[in-house]
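Asks: Here's a structure for you.
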Amino acid sequence: WEKLTLHQKNNDEISQMQQAYNAMIERINENIENQDRFVSDASHELRTPLSVITSYTELLQRRGKDKPEIFDEATGAILSEAERMKHLTEQMLLLAKNQGQESIYMTPINISEMTREVVRSLSTAYQREMKFSQHTTNDITISADRPKIQQAVYIVMDNACKYSDEEVLVLLKETDDHIYLSITDQGEGLAEEEQKQIFERFYRVDKARSRQAGGTGLGLAICHQIVQLHGGNIRLDSQPGNGSTFTIELPK
Ligand code: ADP
C-alpha cells in the first residue's frame with residue numbers, strides 16, 4: 001500500500017488527514033508483513049516433520065518388506081512427527097482464532113482454585129515439587145475467559161517444568177484492581193537479547209531442546225496474546241544462570 005503525499009500548503013486539515021491516512025497505511029503494511037512472516041515461518045516449521053515422514057515412508061517402501069526391524073523404527077518416527085504436526089497446526093489455529101475482543105467470553109472465575117488445579121496436574125505429570133502460595137487468606141475471583149486463562153497459565157508453568165529441574169514456585173497476589181501471578185523456576189535463565197524475543201512466534205533459545213521437549217515456539221506467543229486480550233500483561237525477569245520469573249498481570 002502506498003502512502004499519500006498532498007501538495008497543498010498551510011492547510012492543517014489536509015495535513016492532519018494525510019498523517020492519519022499514512023499512519024493507517026503503515027499499520028496495514030506492518031500487518032501484511034507480519035502475516036507474510038508468519039506464513040513463511042509456519043511453512044518452514046511444517047516442512048521439517050514432513051521431510052522426516054517422507055524419508056521414512058520411502059525407506060519403508062524400499063526395505064520394509066524384507067527387514068521387519070525397520071518397520072518399528074519407521075512407523076515410530078512417522079507417528080511422532082505426525083503428532084508434532086498436529087500439535088503445531090492446533091497451536092497455529094489457536095493464534096488465528098484468538099484475535100479480537102469478540103473471541104473472549106468473560107465470566108467470574110476463582111483464579112486461586114484454577115491455579116491450584118494447574119499446579120496439581122503439572123506436578124503429577126512431571127513428578128516435580130511445585131509450591132503454590134497466595135497473599136490473601138481467601139480465594140481470589142476475577143472476571144476472565146476461564147479456558148483461555150487456564151491455557152496461558154498452563155503454558156508458563158509447563159515451560160518452568162520443561163526448562164528446569166528444580167522446584168517451581170507459584171505466587172498469587174492481588175491489589176484493588178489487579179492480580180499478579182508469578183511463576184519462578186531455577187533453570188538456566190535467559191539473557192537480555194533472548195528476553196526481548198521470547199514472546200515472538202516461533203522463537204526458541206535452543207531449538208533442539210525445545211523440539212525434544214515437544215515445543216513449537218508458539219506457547220509464549222499464545223500466552224501473550226491471551227493476556228493482552230484481557231487487557232493484561234506478561235513480564236519476564238531473568239538472569240542467565242539464575243532462573244526466570246514470568247509474571248502474568250490481569251485486571252480483576
Ligand atoms: P516452546 O514450545 O519452544 O516451549 P515457548 O513459546 O513456550 O515455546 O517458549 C519459547 C522459548 O523460550 C523456549 O523454546 C525456550 O527456549 C524459552 N523458554 C520459555 N520458558 C522458559 C523458562 N522458564 N526458562 C528458560 N527458557 C524458557
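Chain lettering (A, B, ...) mirrors the order of the C-alpha cells, residue numbering begins at 1 for each chain separately, and ligand numbering begins at 1 in order of display.
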Got a sec to check which residues lie within 9 Å of ligand 1, using only C-alpha atoms and all ligand atoms, and send them as an NGL selection string?

Replies: :A and (155-164 or 183-190 or 194-195 or 197-211 or 213-223 or 238 or 243-246)

Asks: Running DSSP on the backbone, which parts of stretch 9-235 of chain A land in strand (DSSP E or B), as number ranges by chain?

Replies: A: 107-110, 130-134, 141-144, 168-174, 178-185, 233-235

Asks: Give me, as a list in words, all polymer residues having an atom no more than 10 Å from A:Glu113, counting only C-alpha atoms and skipping those fewer than 3 positions away in the same chain.

Replies: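 Counting only the stated atoms, we get Ile109, Asn110, Arg116, Glu117, Val118, Val119, Asp139, Ile140 and Thr141 of chain A.
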
Asks: Which is closer to A:Leu60 than all the others in A:Thr75, A:Ile14, A:Pro108, A:Thr48, using only C-alpha atoms?

Replies: A:Thr75

Asks: Write out as an NGL selection string the residues lying within 12 Å of stretch 23-33 of chain A, counting only C-alpha atoms and excluding same-chain residues fewer than 5 positions away.

Replies: :A and (1-4 or 16-18 or 38-40)

Asks: Write the residues you've just listed into a file as a PDB file, in the first residue's frame, and include all heavy atoms for each of them.

Replies:
```pdb
ATOM      1  N   TRP A   1       0.837  -1.184   0.000  1.00  0.00           N
ATOM      2  CA  TRP A   1       0.000   0.000   0.000  1.00  0.00           C
ATOM      3  C   TRP A   1       0.878   1.242   0.000  1.00  0.00           C
ATOM      4  O   TRP A   1       1.841   1.319   0.737  1.00  0.00           O
ATOM      5  CB  TRP A   1      -0.917   0.010   1.242  1.00  0.00           C
ATOM      6  CG  TRP A   1      -2.031  -0.972   1.122  1.00  0.00           C
ATOM      7  CD1 TRP A   1      -1.931  -2.327   1.156  1.00  0.00           C
ATOM      8  CD2 TRP A   1      -3.421  -0.682   0.939  1.00  0.00           C
ATOM      9  NE1 TRP A   1      -3.152  -2.911   1.010  1.00  0.00           N
ATOM     10  CE2 TRP A   1      -4.106  -1.920   0.867  1.00  0.00           C
ATOM     11  CE3 TRP A   1      -4.159   0.494   0.814  1.00  0.00           C
ATOM     12  CZ2 TRP A   1      -5.476  -2.004   0.694  1.00  0.00           C
ATOM     13  CZ3 TRP A   1      -5.534   0.408   0.646  1.00  0.00           C
ATOM     14  CH2 TRP A   1      -6.169  -0.834   0.583  1.00  0.00           C
ATOM     15  N   GLU A   2       0.431   2.234  -0.854  1.00  0.00           N
ATOM     16  CA  GLU A   2       1.245   3.449  -0.994  1.00  0.00           C
ATOM     17  C   GLU A   2       0.807   4.508   0.004  1.00  0.00           C
ATOM     18  O   GLU A   2      -0.381   4.669   0.283  1.00  0.00           O
ATOM     19  CB  GLU A   2       1.036   4.034  -2.404  1.00  0.00           C
ATOM     20  CG  GLU A   2       1.606   3.178  -3.520  1.00  0.00           C
ATOM     21  CD  GLU A   2       3.122   3.185  -3.516  1.00  0.00           C
ATOM     22  OE1 GLU A   2       3.696   4.239  -3.182  1.00  0.00           O
ATOM     23  OE2 GLU A   2       3.718   2.132  -3.824  1.00  0.00           O
ATOM     24  N   LYS A   3       1.784   5.267   0.516  1.00  0.00           N
ATOM     25  CA  LYS A   3       1.433   6.413   1.348  1.00  0.00           C
ATOM     26  C   LYS A   3       1.017   7.581   0.464  1.00  0.00           C
ATOM     27  O   LYS A   3       1.326   7.615  -0.723  1.00  0.00           O
ATOM     28  CB  LYS A   3       2.618   6.801   2.222  1.00  0.00           C
ATOM     29  CG  LYS A   3       2.849   5.808   3.334  1.00  0.00           C
ATOM     30  CD  LYS A   3       3.829   6.354   4.321  1.00  0.00           C
ATOM     31  CE  LYS A   3       3.990   5.339   5.433  1.00  0.00           C
ATOM     32  NZ  LYS A   3       5.028   5.724   6.364  1.00  0.00           N
ATOM     33  N   LEU A   4       0.342   8.571   1.106  1.00  0.00           N
ATOM     34  CA  LEU A   4      -0.220   9.685   0.361  1.00  0.00           C
ATOM     35  C   LEU A   4       0.662  10.925   0.545  1.00  0.00           C
ATOM     36  O   LEU A   4       1.107  11.210   1.637  1.00  0.00           O
ATOM     37  CB  LEU A   4      -1.606   9.943   0.949  1.00  0.00           C
ATOM     38  CG  LEU A   4      -2.559  10.891   0.292  1.00  0.00           C
ATOM     39  CD1 LEU A   4      -3.006  10.326  -1.062  1.00  0.00           C
ATOM     40  CD2 LEU A   4      -3.791  11.062   1.185  1.00  0.00           C
ATOM     41  N   GLN A  16      -3.502  17.002   8.550  1.00  0.00           N
ATOM     42  CA  GLN A  16      -3.919  16.026   9.573  1.00  0.00           C
ATOM     43  C   GLN A  16      -4.450  14.753   8.931  1.00  0.00           C
ATOM     44  O   GLN A  16      -4.168  13.638   9.372  1.00  0.00           O
ATOM     45  CB  GLN A  16      -5.011  16.626  10.456  1.00  0.00           C
ATOM     46  CG  GLN A  16      -4.455  17.334  11.663  1.00  0.00           C
ATOM     47  CD  GLN A  16      -5.540  18.039  12.440  1.00  0.00           C
ATOM     48  OE1 GLN A  16      -6.731  17.772  12.239  1.00  0.00           O
ATOM     49  NE2 GLN A  16      -5.141  18.954  13.291  1.00  0.00           N
ATOM     50  N   MET A  17      -5.259  14.961   7.861  1.00  0.00           N
ATOM     51  CA  MET A  17      -5.817  13.793   7.154  1.00  0.00           C
ATOM     52  C   MET A  17      -4.696  12.935   6.586  1.00  0.00           C
ATOM     53  O   MET A  17      -4.715  11.721   6.650  1.00  0.00           O
ATOM     54  CB  MET A  17      -6.719  14.255   6.005  1.00  0.00           C
ATOM     55  CG  MET A  17      -8.166  14.342   6.396  1.00  0.00           C
ATOM     56  SD  MET A  17      -9.089  15.118   5.082  1.00  0.00           S
ATOM     57  CE  MET A  17      -8.845  13.994   3.735  1.00  0.00           C
ATOM     58  N   GLN A  18      -3.710  13.631   6.029  1.00  0.00           N
ATOM     59  CA  GLN A  18      -2.581  12.904   5.430  1.00  0.00           C
ATOM     60  C   GLN A  18      -1.849  12.090   6.498  1.00  0.00           C
ATOM     61  O   GLN A  18      -1.529  10.924   6.290  1.00  0.00           O
ATOM     62  CB  GLN A  18      -1.612  13.907   4.782  1.00  0.00           C
ATOM     63  CG  GLN A  18      -0.412  13.213   4.173  1.00  0.00           C
ATOM     64  CD  GLN A  18       0.608  14.209   3.641  1.00  0.00           C
ATOM     65  OE1 GLN A  18       0.287  15.339   3.343  1.00  0.00           O
ATOM     66  NE2 GLN A  18       1.837  13.768   3.545  1.00  0.00           N
ATOM     67  N   PHE A  38       4.633 -14.843   9.203  1.00  0.00           N
ATOM     68  CA  PHE A  38       4.027 -15.986   9.883  1.00  0.00           C
ATOM     69  C   PHE A  38       3.862 -17.159   8.920  1.00  0.00           C
ATOM     70  O   PHE A  38       4.209 -18.290   9.235  1.00  0.00           O
ATOM     71  CB  PHE A  38       2.666 -15.580  10.474  1.00  0.00           C
ATOM     72  CG  PHE A  38       1.992 -16.692  11.235  1.00  0.00           C
ATOM     73  CD1 PHE A  38       2.570 -17.195  12.396  1.00  0.00           C
ATOM     74  CD2 PHE A  38       0.810 -17.237  10.787  1.00  0.00           C
ATOM     75  CE1 PHE A  38       1.970 -18.226  13.106  1.00  0.00           C
ATOM     76  CE2 PHE A  38       0.205 -18.275  11.485  1.00  0.00           C
ATOM     77  CZ  PHE A  38       0.782 -18.762  12.643  1.00  0.00           C
ATOM     78  N   VAL A  39       3.350 -16.869   7.706  1.00  0.00           N
ATOM     79  CA  VAL A  39       3.128 -17.936   6.724  1.00  0.00           C
ATOM     80  C   VAL A  39       4.465 -18.579   6.363  1.00  0.00           C
ATOM     81  O   VAL A  39       4.584 -19.818   6.320  1.00  0.00           O
ATOM     82  CB  VAL A  39       2.421 -17.396   5.456  1.00  0.00           C
ATOM     83  CG1 VAL A  39       2.392 -18.434   4.351  1.00  0.00           C
ATOM     84  CG2 VAL A  39       1.012 -16.949   5.791  1.00  0.00           C
ATOM     85  N   SER A  40       5.501 -17.750   6.183  1.00  0.00           N
ATOM     86  CA  SER A  40       6.776 -18.343   5.784  1.00  0.00           C
ATOM     87  C   SER A  40       7.396 -19.135   6.940  1.00  0.00           C
ATOM     88  O   SER A  40       7.901 -20.240   6.742  1.00  0.00           O
ATOM     89  CB  SER A  40       7.694 -17.251   5.216  1.00  0.00           C
ATOM     90  OG  SER A  40       8.836 -17.103   5.958  1.00  0.00           O
TER      91      SER A  40
END
```

Asks: If we count only C-alpha atoms and set the cut-off at 12 Å, which residues sit around A:Met106, ignoring sequence neighbours fewer than 6 positions away in its own chain? Please answer as a list in words.

Replies: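 Near A:Met106, the qualifying residues are Ile142, Ser143, Ala144, Asp145, Arg146, Pro147, Lys148, Ile149, Leu229, His230 and Lys252 of chain A.
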
Asks: Which residue out of A:Leu46, A:Ala74, A:Met130, A:Ile248 has the minimum interatomic distance to A:Thr89 when only C-alpha atoms are used?

Replies: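 Answer, going by the shortest atom-to-atom distance: A:Leu46.
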